[in-house]
>>> print(open('protein11.cif').read())   # mmCIF, C-alpha atoms and all ligand atoms
data_input
#
loop_
_atom_site.label_atom_id
_atom_site.label_comp_id
_atom_site.auth_asym_id
_atom_site.auth_seq_id
_atom_site.Cartn_x
_atom_site.Cartn_y
_atom_site.Cartn_z
CA MET L 1 78.46 -24.25 160.87
CA ALA L 2 78.08 -27.47 158.94
CA GLN L 3 81.39 -28.64 157.53
CA LYS L 4 82.12 -30.21 154.22
CA SER L 5 83.11 -33.84 154.39
CA SER L 6 83.33 -36.70 152.01
CA THR L 7 79.81 -38.13 152.01
CA LYS L 8 80.95 -41.65 152.79
CA ASP L 9 83.24 -40.83 155.73
CA LYS L 10 82.04 -42.20 159.02
CA TYR L 11 83.73 -42.05 162.42
CA SER L 12 83.37 -44.91 164.90
CA ILE L 13 84.27 -43.79 168.41
CA LEU L 14 85.39 -46.64 170.67
CA LEU L 15 84.61 -46.01 174.34
CA PRO L 16 85.88 -48.74 176.66
CA THR L 17 84.25 -48.47 180.07
CA TYR L 18 84.84 -49.96 183.45
CA ASN L 19 82.88 -48.35 186.29
CA GLU L 20 82.11 -45.12 184.44
CA ARG L 21 78.45 -44.60 185.39
CA GLU L 22 79.06 -41.02 186.53
CA ASN L 23 81.07 -40.10 183.44
CA LEU L 24 79.23 -41.85 180.62
CA PRO L 25 76.17 -39.54 180.28
CA LEU L 26 78.36 -36.45 179.99
CA ILE L 27 80.95 -37.88 177.60
CA ILE L 28 78.21 -39.18 175.31
CA TRP L 29 76.31 -35.91 175.43
CA LEU L 30 79.50 -34.05 174.51
CA LEU L 31 80.21 -36.47 171.66
CA VAL L 32 76.70 -36.18 170.24
CA LYS L 33 76.90 -32.38 170.50
CA SER L 34 80.29 -32.23 168.79
CA PHE L 35 79.28 -34.46 165.88
CA THR L 36 75.89 -32.82 165.48
CA GLU L 37 77.61 -29.45 165.19
CA SER L 38 80.32 -30.61 162.80
CA GLY L 39 77.91 -32.65 160.68
CA TYR L 40 80.14 -35.72 160.31
CA ASP L 41 78.55 -39.16 160.37
CA TYR L 42 79.41 -41.16 163.50
CA GLU L 43 78.59 -43.94 165.91
CA VAL L 44 79.73 -44.42 169.50
CA ILE L 45 80.61 -48.01 170.43
CA VAL L 46 80.55 -48.62 174.18
CA ILE L 47 82.56 -51.65 175.29
CA ASP L 48 81.65 -52.28 178.91
CA ASP L 49 83.41 -55.08 180.75
CA GLY L 50 80.74 -56.11 183.23
CA SER L 51 81.17 -53.01 185.40
CA PRO L 52 79.76 -53.72 188.86
CA ASP L 53 78.55 -50.10 189.16
CA GLY L 54 75.88 -50.59 186.46
CA THR L 55 77.57 -48.65 183.64
CA LEU L 56 75.83 -50.88 181.10
CA GLU L 57 72.35 -49.96 182.37
CA ILE L 58 73.25 -46.29 182.02
CA ALA L 59 74.51 -46.99 178.50
CA GLN L 60 71.19 -48.65 177.64
CA GLN L 61 69.31 -45.56 178.82
CA LEU L 62 71.57 -43.37 176.69
CA GLN L 63 70.89 -45.64 173.73
CA ASP L 64 67.15 -45.08 174.24
CA ILE L 65 67.74 -41.32 174.21
CA TYR L 66 70.11 -41.00 171.24
CA GLY L 67 69.18 -44.03 169.13
CA LYS L 68 70.59 -47.47 168.39
CA ASP L 69 72.34 -46.25 165.25
CA LYS L 70 74.32 -43.66 167.24
CA ILE L 71 75.01 -45.58 170.46
CA VAL L 72 76.09 -49.17 169.88
CA LEU L 73 76.59 -51.47 172.87
CA LYS L 74 79.12 -54.29 172.66
CA PRO L 75 79.53 -55.41 176.26
CA ARG L 76 81.62 -58.27 177.56
CA ALA L 77 80.84 -60.33 180.63
CA LYS L 78 83.92 -59.50 182.65
CA LYS L 79 86.99 -57.27 182.89
CA LEU L 80 89.23 -58.54 180.12
CA GLY L 81 91.45 -55.48 179.75
CA LEU L 82 91.72 -52.42 177.59
CA GLY L 83 93.74 -53.87 174.70
CA THR L 84 91.22 -56.59 173.89
CA ALA L 85 88.35 -54.13 174.44
CA TYR L 86 89.56 -52.12 171.44
CA ILE L 87 89.91 -55.27 169.34
CA HIS L 88 86.39 -56.31 170.31
CA GLY L 89 85.01 -52.87 169.50
CA ILE L 90 86.67 -52.45 166.13
CA LYS L 91 85.12 -55.74 164.93
CA HIS L 92 81.72 -54.09 165.16
CA ALA L 93 82.71 -50.68 163.78
CA THR L 94 80.98 -49.59 160.58
CA GLY L 95 82.97 -46.38 160.08
CA ASN L 96 86.03 -46.04 157.85
CA PHE L 97 87.73 -44.06 160.62
CA ILE L 98 88.15 -45.12 164.25
CA ILE L 99 88.54 -42.73 167.16
CA ILE L 100 89.85 -44.18 170.40
CA MET L 101 89.41 -42.23 173.62
CA ASP L 102 88.85 -42.73 177.34
CA ALA L 103 85.34 -42.49 178.75
CA ASP L 104 86.36 -40.77 182.00
CA LEU L 105 86.32 -37.20 180.56
CA SER L 106 90.11 -37.03 180.51
CA HIS L 107 89.78 -36.68 176.75
CA HIS L 108 87.42 -33.91 175.69
CA PRO L 109 85.36 -34.44 172.52
CA LYS L 110 85.89 -30.77 171.61
CA PHE L 111 89.28 -31.76 170.14
CA ILE L 112 87.78 -34.25 167.67
CA PRO L 113 87.07 -31.72 164.87
CA GLU L 114 90.75 -30.79 165.02
CA PHE L 115 91.73 -34.48 164.67
CA ILE L 116 89.48 -34.79 161.63
CA LYS L 117 90.75 -31.59 160.04
CA THR L 118 94.38 -32.60 160.56
CA GLN L 119 93.70 -36.04 159.11
CA GLN L 120 92.08 -34.56 156.03
CA GLU L 121 94.80 -31.96 155.39
CA ASN L 122 97.51 -34.55 154.76
CA ASP L 123 95.49 -37.73 154.44
CA TYR L 124 97.26 -39.03 157.56
CA ASP L 125 96.93 -42.71 158.48
CA VAL L 126 97.01 -41.89 162.19
CA VAL L 127 96.39 -38.67 164.11
CA SER L 128 97.65 -38.77 167.69
CA GLY L 129 96.64 -36.40 170.45
CA THR L 130 99.70 -34.99 172.17
CA ARG L 131 100.10 -33.57 175.67
CA TYR L 132 103.71 -32.72 174.99
CA ARG L 133 103.58 -30.24 172.13
CA GLY L 134 102.17 -26.76 171.53
CA THR L 135 99.12 -26.00 173.62
CA GLY L 136 98.89 -29.58 174.92
CA GLY L 137 99.16 -30.35 178.61
CA VAL L 138 98.15 -32.37 181.64
CA TYR L 139 95.86 -31.16 184.43
CA GLY L 140 95.09 -32.70 187.78
CA TRP L 141 97.91 -35.19 188.06
CA ASP L 142 100.14 -35.25 191.11
CA PHE L 143 103.89 -34.95 190.72
CA LYS L 144 104.46 -38.71 190.86
CA ARG L 145 102.03 -39.44 188.05
CA LYS L 146 103.44 -36.61 185.88
CA LEU L 147 106.93 -37.90 186.47
CA ILE L 148 105.96 -41.46 185.50
CA SER L 149 104.23 -40.34 182.31
CA ARG L 150 106.97 -37.91 181.29
CA GLY L 151 109.66 -40.39 182.23
CA ALA L 152 108.05 -43.22 180.27
CA ASN L 153 107.69 -40.95 177.29
CA TYR L 154 111.27 -39.66 177.55
CA VAL L 155 112.92 -43.06 177.94
CA THR L 156 110.91 -44.40 175.03
CA GLN L 157 111.86 -41.42 172.85
CA ILE L 158 115.52 -42.17 173.50
CA LEU L 159 115.28 -45.94 173.07
CA LEU L 160 112.95 -46.21 170.11
CA ARG L 161 112.94 -42.80 168.36
CA PRO L 162 109.33 -43.18 167.31
CA GLY L 163 108.81 -39.76 165.73
CA ALA L 164 105.74 -38.87 167.77
CA SER L 165 105.74 -36.67 170.83
CA ASP L 166 103.16 -38.47 172.98
CA LEU L 167 103.51 -42.24 173.06
CA THR L 168 101.45 -43.30 176.04
CA GLY L 169 98.39 -41.22 175.24
CA SER L 170 95.27 -42.96 174.05
CA PHE L 171 93.33 -40.21 172.26
CA ARG L 172 93.82 -41.04 168.59
CA LEU L 173 92.18 -41.28 165.20
CA TYR L 174 93.03 -44.10 162.80
CA LYS L 175 92.02 -45.17 159.33
CA LYS L 176 90.23 -48.41 160.05
CA ASP L 177 92.29 -50.61 157.75
CA VAL L 178 95.47 -49.15 159.24
CA LEU L 179 94.27 -49.86 162.77
CA HIS L 180 93.59 -53.47 161.78
CA LYS L 181 97.13 -53.86 160.49
CA LEU L 182 98.59 -52.22 163.59
CA ILE L 183 96.64 -54.47 165.92
CA ASP L 184 97.89 -57.48 163.98
CA ALA L 185 101.46 -56.23 164.32
CA CYS L 186 101.26 -55.51 168.06
CA VAL L 187 102.37 -58.10 170.60
CA SER L 188 102.02 -56.26 173.91
CA LYS L 189 99.05 -56.04 176.22
CA GLY L 190 98.15 -53.51 178.86
CA TYR L 191 99.56 -50.07 179.31
CA VAL L 192 102.36 -50.44 176.76
CA PHE L 193 99.89 -51.24 173.96
CA GLN L 194 99.27 -47.58 173.06
CA MET L 195 102.96 -47.00 172.74
CA GLU L 196 103.57 -50.03 170.59
CA MET L 197 100.79 -48.94 168.23
CA ILE L 198 102.65 -45.71 167.42
CA ILE L 199 106.02 -47.42 167.15
CA ARG L 200 104.63 -50.03 164.76
CA ALA L 201 102.90 -47.30 162.77
CA ARG L 202 106.26 -45.64 162.23
CA GLN L 203 107.92 -48.96 161.32
CA LEU L 204 105.24 -49.74 158.78
CA ASN L 205 105.75 -46.26 157.30
CA TYR L 206 102.29 -45.00 158.11
CA THR L 207 102.00 -41.23 158.32
CA ILE L 208 101.27 -39.73 161.74
CA GLY L 209 99.78 -36.31 162.42
CA GLU L 210 99.55 -34.69 165.84
CA VAL L 211 97.00 -32.51 167.59
CA PRO L 212 97.78 -30.82 170.92
CA ILE L 213 95.27 -31.88 173.58
CA THR L 214 94.77 -31.16 177.25
CA PHE L 215 94.39 -34.24 179.40
CA VAL L 216 92.34 -33.69 182.55
CA ASP L 217 92.55 -36.29 185.28
CA ARG L 218 89.31 -38.07 186.08
CA VAL L 219 87.06 -36.55 188.72
CA TYR L 220 84.84 -39.61 189.24
CA GLY L 221 86.14 -43.13 189.77
CA GLU L 222 89.57 -44.65 190.01
CA SER L 223 92.48 -44.91 187.62
CA LYS L 224 93.81 -48.30 186.66
CA LEU L 225 97.44 -47.21 186.92
CA GLY L 226 99.18 -48.98 189.78
CA GLY L 227 102.48 -50.66 190.52
CA ASN L 228 101.65 -53.65 188.33
CA GLU L 229 100.98 -51.42 185.33
CA ILE L 230 104.31 -49.65 185.81
CA ILE L 231 106.21 -52.94 186.00
CA GLY L 232 104.27 -54.17 182.97
CA PHE L 233 105.18 -50.99 181.11
CA VAL L 234 108.90 -51.35 181.79
CA LYS L 235 108.84 -55.00 180.73
CA GLY L 236 106.91 -54.16 177.58
CA LEU L 237 109.26 -51.31 176.74
CA LEU L 238 112.34 -53.51 177.12
CA THR L 239 110.70 -56.21 175.01
CA LEU L 240 109.96 -53.67 172.30
CA PHE L 241 113.51 -52.35 172.51
CA ALA L 242 114.91 -55.85 172.15
CA THR L 243 112.65 -56.86 169.28
CA THR L 244 112.44 -53.79 167.05
N1 LIG M 301 86.18 -52.30 178.68
C1 LIG M 301 87.16 -51.99 179.53
N2 LIG M 301 87.46 -50.70 179.76
C2 LIG M 301 88.46 -50.40 180.64
C3 LIG M 301 89.20 -51.41 181.31
N3 LIG M 301 90.12 -50.78 182.10
C4 LIG M 301 89.95 -49.46 181.93
N4 LIG M 301 88.94 -49.21 181.06
C5 LIG M 301 88.49 -47.90 180.53
O1 LIG M 301 89.57 -47.36 179.82
C6 LIG M 301 89.67 -45.95 179.96
C7 LIG M 301 91.01 -45.58 180.60
O2 LIG M 301 91.10 -46.15 181.90
P1 LIG M 301 91.65 -45.34 183.15
O3 LIG M 301 91.49 -46.19 184.34
O4 LIG M 301 91.04 -43.98 183.20
O5 LIG M 301 93.19 -45.24 182.78
P2 LIG M 301 94.17 -44.01 183.05
O6 LIG M 301 93.55 -42.78 182.52
O7 LIG M 301 95.44 -44.42 182.32
O8 LIG M 301 94.34 -43.96 184.52
C8 LIG M 301 88.46 -45.57 180.80
O9 LIG M 301 87.43 -45.20 179.93
C9 LIG M 301 88.14 -46.86 181.56
O10 LIG M 301 86.77 -46.94 181.93
C10 LIG M 301 88.86 -52.78 181.04
O11 LIG M 301 89.44 -53.73 181.56
N5 LIG M 301 87.85 -53.01 180.15
C1 LIG M 302 109.73 -47.92 155.12
O1 LIG M 302 110.54 -46.99 154.46
C2 LIG M 302 111.94 -47.27 154.52
C3 LIG M 302 112.71 -46.09 153.94
O2 LIG M 302 112.14 -45.67 152.74
C4 LIG M 302 112.21 -48.59 153.79
O3 LIG M 302 113.59 -48.92 153.86
C5 LIG M 302 111.37 -49.69 154.46
O4 LIG M 302 111.52 -50.93 153.76
C6 LIG M 302 109.91 -49.33 154.52
N1 LIG M 302 109.20 -50.31 155.32
C7 LIG M 302 108.05 -50.86 154.95
C8 LIG M 302 107.45 -51.84 155.92
O5 LIG M 302 107.50 -50.61 153.90
MG MG M 303 91.74 -42.08 182.97
#
>>> encode(input="protein11.cif", output="structure tokens")
Amino acid sequence: MAQKSSTKDKYSILLPTYNERENLPLIIWLLVKSFTESGYDYEVIVIDDGSPDGTLEIAQQLQDIYGKDKIVLKPRAKKLGLGTAYIHGIKHATGNFIIIMDADLSHHPKFIPEFIKTQQENDYDVVSGTRYRGTGGVYGWDFKRKLISRGANYVTQILLRPGASDLTGSFRLYKKDVLHKLIDACVSKGYVFQMEMIIRARQLNYTIGEVPITFVDRVYGESKLGGNEIIGFVKGLLTLFATT
């Protein structure tokens, strides 16, 4: 069923990739399928950071299949981190809405129509996917990882009272101008970046909607979460607590 949408609305999906050659064909196929079915205008912007596994070559093949207007490649020469990958990607986005998601199939494109619908219902500035409300959930994580994520979320809820149920998630839809302002307001890098974005959004009085999502741990490849990220997260959280 084709859906009604404002004729000028366009969604730019930012897909940062680092060693995602196994995942990229499927995530892009699912995105194309979802947007073709819903009828919304879109582009997928792949920001590859010089992946040694040849993700960029796969992305080029996908561009040949789906078209240069649908798959936009904005690679960087080396691994410069996730935070700056988003900033790099948004510079080239032509949509008035930005969708940020992981490329490792942890975030399923089937939820995107729900993000769009929720945004439209209340003209939200931000719509955040949540694993911690309603039908949301996490699959495939071991106990340690669940504990870290839950714990980080819980401590942050207590310290900063951000008014959103999932702070560390990275499946979100933003109005583009709002995302620009949030990026300007954010100081942190790394894992804590996603959390700061939501906290700043609340501070700047932007409206935030939520959509329950299921997060499925990656099947192919390795996660970037290690001891350094956890230490970085705690430091970032304390900095935010001290400065907001
Ligand atoms: N461009 C770019 N993408 C990255 C970088 N680090 C991670 N990614 C991508 O960001 C997304 C989330 O990374 P992931 O390792 O799955 O994080 P996790 O789900 O928190 O364990 C995936 O699509 C990765 O390919 C980076 O330094 N640069
Ligand atoms: C947000 O709203 C509160 C309460 O209405 C107000 O005090 C505050 O100045 C607003 N902040 C901004 C950045 O507009
Ligand atoms: Mg992941």
>>> closest_residue(input="protein11.cif", among="L:Ser165, L:Ser149, L:Ser188, L:Ser38", to="ligand LIG 301 (chain M)", atoms="all atoms listed in the file")
L:Ser149
>>> atom_distance(input="protein11.cif", atom1="atom CA of L:Glu121", atom2="atom O4 of ligand LIG 302 (chain M)")
25.3 Å
>>> closest_residue(input="protein11.cif", among="L:Asp217, L:Glu210, L:Asp102, L:Asp184", to="L:Tyr18", atoms="all atoms listed in the file")
L:Asp102
>>> atom_distance(input="protein11.cif", atom1="atom CA of L:Val234", atom2="atom CA of L:Leu167")
13.7 Å
>>> residues_around(input="protein11.cif", residues="L:Gly140", least_positions_apart="4", cutoff="9 Å", atoms="only C-alpha atoms", output="MDAnalysis selection string")
chainID L and resid 215:219
>>> closest_residue(input="protein11.cif", among="L:Thr55, L:Ser128, L:Val155, L:Lys8", to="L:Pro25", atoms="only C-alpha atoms")
L:Thr55
>>> closest_residue(input="protein11.cif", among="L:Gly129, L:Gly137, L:Pro162, L:Gly95", to="L:Arg150", atoms="only C-alpha atoms")
L:Gly137
>>> closest_residue(input="protein11.cif", among="L:Ala152, L:Val211, L:Ala201, L:Val192", to="ligand LIG 302 (chain M)", atoms="all atoms listed in the file")
L:Ala201
>>> residues_near_ligand(input="protein11.cif", ligand="ligand LIG 302 (chain M)", cutoff="12 Å", atoms="all atoms listed in the file", output="count of residues only")
11
>>> residues_near_ligand(input="protein11.cif", ligand="ligand LIG 301 (chain M)", cutoff="9 Å", atoms="all atoms listed in the file", output="PyMOL selection string")
chain L and resi 15-20+23-24+46-51+75-76+78-86+101-106+168-170+191+217-218+221-226
>>> closest_residue(input="protein11.cif", among="L:Val138, L:Ile90, L:Ile199, L:Ile208", to="ligand MG 303 (chain M)", atoms="only C-alpha atoms and all ligand atoms")
L:Val138
>>> atom_distance(input="protein11.cif", atom1="atom CA of L:Val126", atom2="atom CA of L:His88")
19.7 Å
>>> residues_near_point(input="protein11.cif", point="(92.3, -35.8, 165.6)", cutoff="9 Å", atoms="only C-alpha atoms", output="list in words")
Ile99, Phe111, Ile112, Pro113, Glu114, Phe115, Ile116, Lys117, Thr118, Gln119, Val126, Val127, Ser128, Gly129, Phe171, Arg172, Leu173, Tyr174, Gly209, Glu210 and Val211 of chain L
>>> decode(input="protein11.cif", residues="stretch 16-145 of chain L", atoms="C-alpha atoms", output="PDB file, in the first residue's frame")
ATOM      1  CA  PRO L  16      28.402   4.051   9.021  1.00  0.00           C
ATOM      2  CA  THR L  17      30.351   0.915   8.178  1.00  0.00           C
ATOM      3  CA  TYR L  18      33.519  -0.684   9.378  1.00  0.00           C
ATOM      4  CA  ASN L  19      34.086  -4.251   8.179  1.00  0.00           C
ATOM      5  CA  GLU L  20      30.463  -4.928   7.234  1.00  0.00           C
ATOM      6  CA  ARG L  21      30.902  -6.733   3.902  1.00  0.00           C
ATOM      7  CA  GLU L  22      28.682  -9.634   4.982  1.00  0.00           C
ATOM      8  CA  ASN L  23      25.943  -7.372   6.337  1.00  0.00           C
ATOM      9  CA  LEU L  24      25.791  -4.536   3.830  1.00  0.00           C
ATOM     10  CA  PRO L  25      23.986  -6.295   0.924  1.00  0.00           C
ATOM     11  CA  LEU L  26      21.175  -7.465   3.192  1.00  0.00           C
ATOM     12  CA  ILE L  27      20.689  -4.222   5.119  1.00  0.00           C
ATOM     13  CA  ILE L  28      20.574  -2.247   1.870  1.00  0.00           C
ATOM     14  CA  TRP L  29      18.176  -4.700   0.255  1.00  0.00           C
ATOM     15  CA  LEU L  30      15.893  -4.433   3.293  1.00  0.00           C
ATOM     16  CA  LEU L  31      16.066  -0.634   3.214  1.00  0.00           C
ATOM     17  CA  VAL L  32      15.257  -0.444  -0.487  1.00  0.00           C
ATOM     18  CA  LYS L  33      12.376  -2.885   0.010  1.00  0.00           C
ATOM     19  CA  SER L  34      10.963  -0.946   2.954  1.00  0.00           C
ATOM     20  CA  PHE L  35      11.078   2.424   1.204  1.00  0.00           C
ATOM     21  CA  THR L  36       9.796   1.045  -2.080  1.00  0.00           C
ATOM     22  CA  GLU L  37       6.805  -0.395  -0.245  1.00  0.00           C
ATOM     23  CA  SER L  38       6.088   2.718   1.812  1.00  0.00           C
ATOM     24  CA  GLY L  39       6.630   5.079  -1.118  1.00  0.00           C
ATOM     25  CA  TYR L  40       8.689   7.667   0.778  1.00  0.00           C
ATOM     26  CA  ASP L  41      11.591   9.354  -0.989  1.00  0.00           C
ATOM     27  CA  TYR L  42      14.984   8.311   0.388  1.00  0.00           C
ATOM     28  CA  GLU L  43      18.710   7.948  -0.071  1.00  0.00           C
ATOM     29  CA  VAL L  44      21.157   5.701   1.770  1.00  0.00           C
ATOM     30  CA  ILE L  45      24.502   7.318   2.597  1.00  0.00           C
ATOM     31  CA  VAL L  46      27.239   4.782   3.303  1.00  0.00           C
ATOM     32  CA  ILE L  47      30.163   6.158   5.303  1.00  0.00           C
ATOM     33  CA  ASP L  48      32.897   3.553   5.148  1.00  0.00           C
ATOM     34  CA  ASP L  49      36.100   4.174   7.073  1.00  0.00           C
ATOM     35  CA  GLY L  50      38.612   2.321   4.933  1.00  0.00           C
ATOM     36  CA  SER L  51      37.400  -1.123   6.019  1.00  0.00           C
ATOM     37  CA  PRO L  52      40.145  -3.666   5.328  1.00  0.00           C
ATOM     38  CA  ASP L  53      37.537  -6.321   4.452  1.00  0.00           C
ATOM     39  CA  GLY L  54      36.518  -4.501   1.245  1.00  0.00           C
ATOM     40  CA  THR L  55      33.153  -3.134   2.414  1.00  0.00           C
ATOM     41  CA  LEU L  56      33.552  -0.199   0.025  1.00  0.00           C
ATOM     42  CA  GLU L  57      33.846  -2.454  -3.036  1.00  0.00           C
ATOM     43  CA  ILE L  58      30.640  -4.204  -1.994  1.00  0.00           C
ATOM     44  CA  ALA L  59      28.997  -0.801  -1.561  1.00  0.00           C
ATOM     45  CA  GLN L  60      30.062   0.168  -5.090  1.00  0.00           C
ATOM     46  CA  GLN L  61      28.453  -2.993  -6.469  1.00  0.00           C
ATOM     47  CA  LEU L  62      25.255  -2.190  -4.582  1.00  0.00           C
ATOM     48  CA  GLN L  63      25.345   1.321  -6.021  1.00  0.00           C
ATOM     49  CA  ASP L  64      25.494  -0.195  -9.517  1.00  0.00           C
ATOM     50  CA  ILE L  65      22.434  -2.298  -8.706  1.00  0.00           C
ATOM     51  CA  TYR L  66      20.215   0.292  -7.011  1.00  0.00           C
ATOM     52  CA  GLY L  67      21.444   3.549  -8.563  1.00  0.00           C
ATOM     53  CA  LYS L  68      23.637   6.480  -7.572  1.00  0.00           C
ATOM     54  CA  ASP L  69      20.643   8.538  -6.457  1.00  0.00           C
ATOM     55  CA  LYS L  70      19.614   5.858  -3.936  1.00  0.00           C
ATOM     56  CA  ILE L  71      23.022   4.667  -2.694  1.00  0.00           C
ATOM     57  CA  VAL L  72      25.446   7.497  -2.001  1.00  0.00           C
ATOM     58  CA  LEU L  73      29.039   6.673  -1.030  1.00  0.00           C
ATOM     59  CA  LYS L  74      30.958   9.055   1.214  1.00  0.00           C
ATOM     60  CA  PRO L  75      33.976   7.029   2.307  1.00  0.00           C
ATOM     61  CA  ARG L  76      36.873   8.174   4.440  1.00  0.00           C
ATOM     62  CA  ALA L  77      40.413   6.884   4.203  1.00  0.00           C
ATOM     63  CA  LYS L  78      40.720   5.461   7.688  1.00  0.00           C
ATOM     64  CA  LYS L  79      38.847   4.588  10.877  1.00  0.00           C
ATOM     65  CA  LEU L  80      38.024   7.951  12.385  1.00  0.00           C
ATOM     66  CA  GLY L  81      35.197   6.866  14.667  1.00  0.00           C
ATOM     67  CA  LEU L  82      31.435   6.762  14.674  1.00  0.00           C
ATOM     68  CA  GLY L  83      30.710  10.284  15.929  1.00  0.00           C
ATOM     69  CA  THR L  84      32.585  12.010  13.125  1.00  0.00           C
ATOM     70  CA  ALA L  85      31.183   9.510  10.604  1.00  0.00           C
ATOM     71  CA  TYR L  86      27.688  10.872  11.274  1.00  0.00           C
ATOM     72  CA  ILE L  87      28.917  14.463  10.960  1.00  0.00           C
ATOM     73  CA  HIS L  88      30.602  13.597   7.669  1.00  0.00           C
ATOM     74  CA  GLY L  89      27.484  11.871   6.375  1.00  0.00           C
ATOM     75  CA  ILE L  90      25.001  14.574   7.296  1.00  0.00           C
ATOM     76  CA  LYS L  91      27.030  17.146   5.321  1.00  0.00           C
ATOM     77  CA  HIS L  92      26.112  15.273   2.155  1.00  0.00           C
ATOM     78  CA  ALA L  93      22.491  14.493   3.052  1.00  0.00           C
ATOM     79  CA  THR L  94      19.847  15.954   0.756  1.00  0.00           C
ATOM     80  CA  GLY L  95      16.826  14.830   2.794  1.00  0.00           C
ATOM     81  CA  ASN L  96      14.980  16.987   5.320  1.00  0.00           C
ATOM     82  CA  PHE L  97      14.931  14.017   7.701  1.00  0.00           C
ATOM     83  CA  ILE L  98      17.916  11.937   8.813  1.00  0.00           C
ATOM     84  CA  ILE L  99      17.716   8.342   9.973  1.00  0.00           C
ATOM     85  CA  ILE L 100      20.711   6.974  11.846  1.00  0.00           C
ATOM     86  CA  MET L 101      21.117   3.233  12.226  1.00  0.00           C
ATOM     87  CA  ASP L 102      23.782   0.538  12.451  1.00  0.00           C
ATOM     88  CA  ALA L 103      24.712  -1.432   9.344  1.00  0.00           C
ATOM     89  CA  ASP L 104      25.201  -4.762  11.143  1.00  0.00           C
ATOM     90  CA  LEU L 105      21.501  -5.795  11.025  1.00  0.00           C
ATOM     91  CA  SER L 106      21.036  -5.063  14.718  1.00  0.00           C
ATOM     92  CA  HIS L 107      18.532  -2.436  13.615  1.00  0.00           C
ATOM     93  CA  HIS L 108      15.875  -3.779  11.268  1.00  0.00           C
ATOM     94  CA  PRO L 109      14.562  -1.437   8.554  1.00  0.00           C
ATOM     95  CA  LYS L 110      11.043  -2.827   9.112  1.00  0.00           C
ATOM     96  CA  PHE L 111      10.695  -0.393  12.035  1.00  0.00           C
ATOM     97  CA  ILE L 112      11.317   2.694   9.893  1.00  0.00           C
ATOM     98  CA  PRO L 113       7.682   3.195   8.760  1.00  0.00           C
ATOM     99  CA  GLU L 114       6.742   3.293  12.446  1.00  0.00           C
ATOM    100  CA  PHE L 115       9.401   5.977  13.088  1.00  0.00           C
ATOM    101  CA  ILE L 116       8.000   8.039  10.223  1.00  0.00           C
ATOM    102  CA  LYS L 117       4.402   7.617  11.330  1.00  0.00           C
ATOM    103  CA  THR L 118       5.235   8.574  14.914  1.00  0.00           C
ATOM    104  CA  GLN L 119       7.165  11.623  13.716  1.00  0.00           C
ATOM    105  CA  GLN L 120       4.264  12.773  11.573  1.00  0.00           C
ATOM    106  CA  GLU L 121       1.600  12.275  14.257  1.00  0.00           C
ATOM    107  CA  ASN L 122       3.076  14.878  16.596  1.00  0.00           C
ATOM    108  CA  ASP L 123       5.585  16.613  14.353  1.00  0.00           C
ATOM    109  CA  TYR L 124       8.348  15.352  16.660  1.00  0.00           C
ATOM    110  CA  ASP L 125      11.855  16.787  16.301  1.00  0.00           C
ATOM    111  CA  VAL L 126      13.409  13.441  17.219  1.00  0.00           C
ATOM    112  CA  VAL L 127      12.049   9.897  17.232  1.00  0.00           C
ATOM    113  CA  SER L 128      14.163   7.459  19.217  1.00  0.00           C
ATOM    114  CA  GLY L 129      14.003   3.690  18.979  1.00  0.00           C
ATOM    115  CA  THR L 130      13.671   2.154  22.424  1.00  0.00           C
ATOM    116  CA  ARG L 131      14.598  -1.311  23.654  1.00  0.00           C
ATOM    117  CA  TYR L 132      13.232  -0.540  27.082  1.00  0.00           C
ATOM    118  CA  ARG L 133       9.552   0.150  26.501  1.00  0.00           C
ATOM    119  CA  GLY L 134       6.532  -1.764  25.220  1.00  0.00           C
ATOM    120  CA  THR L 135       7.409  -4.477  22.751  1.00  0.00           C
ATOM    121  CA  GLY L 136      11.066  -3.381  22.572  1.00  0.00           C
ATOM    122  CA  GLY L 137      13.862  -5.711  23.572  1.00  0.00           C
ATOM    123  CA  VAL L 138      17.369  -7.051  23.099  1.00  0.00           C
ATOM    124  CA  TYR L 139      18.249 -10.406  21.546  1.00  0.00           C
ATOM    125  CA  GLY L 140      21.541 -12.240  21.410  1.00  0.00           C
ATOM    126  CA  TRP L 141      23.473 -10.374  24.056  1.00  0.00           C
ATOM    127  CA  ASP L 142      25.174 -12.223  26.876  1.00  0.00           C
ATOM    128  CA  PHE L 143      24.408 -11.322  30.466  1.00  0.00           C
ATOM    129  CA  LYS L 144      27.442  -9.054  30.805  1.00  0.00           C
ATOM    130  CA  ARG L 145      26.538  -6.949  27.797  1.00  0.00           C
TER     131      ARG L 145
END
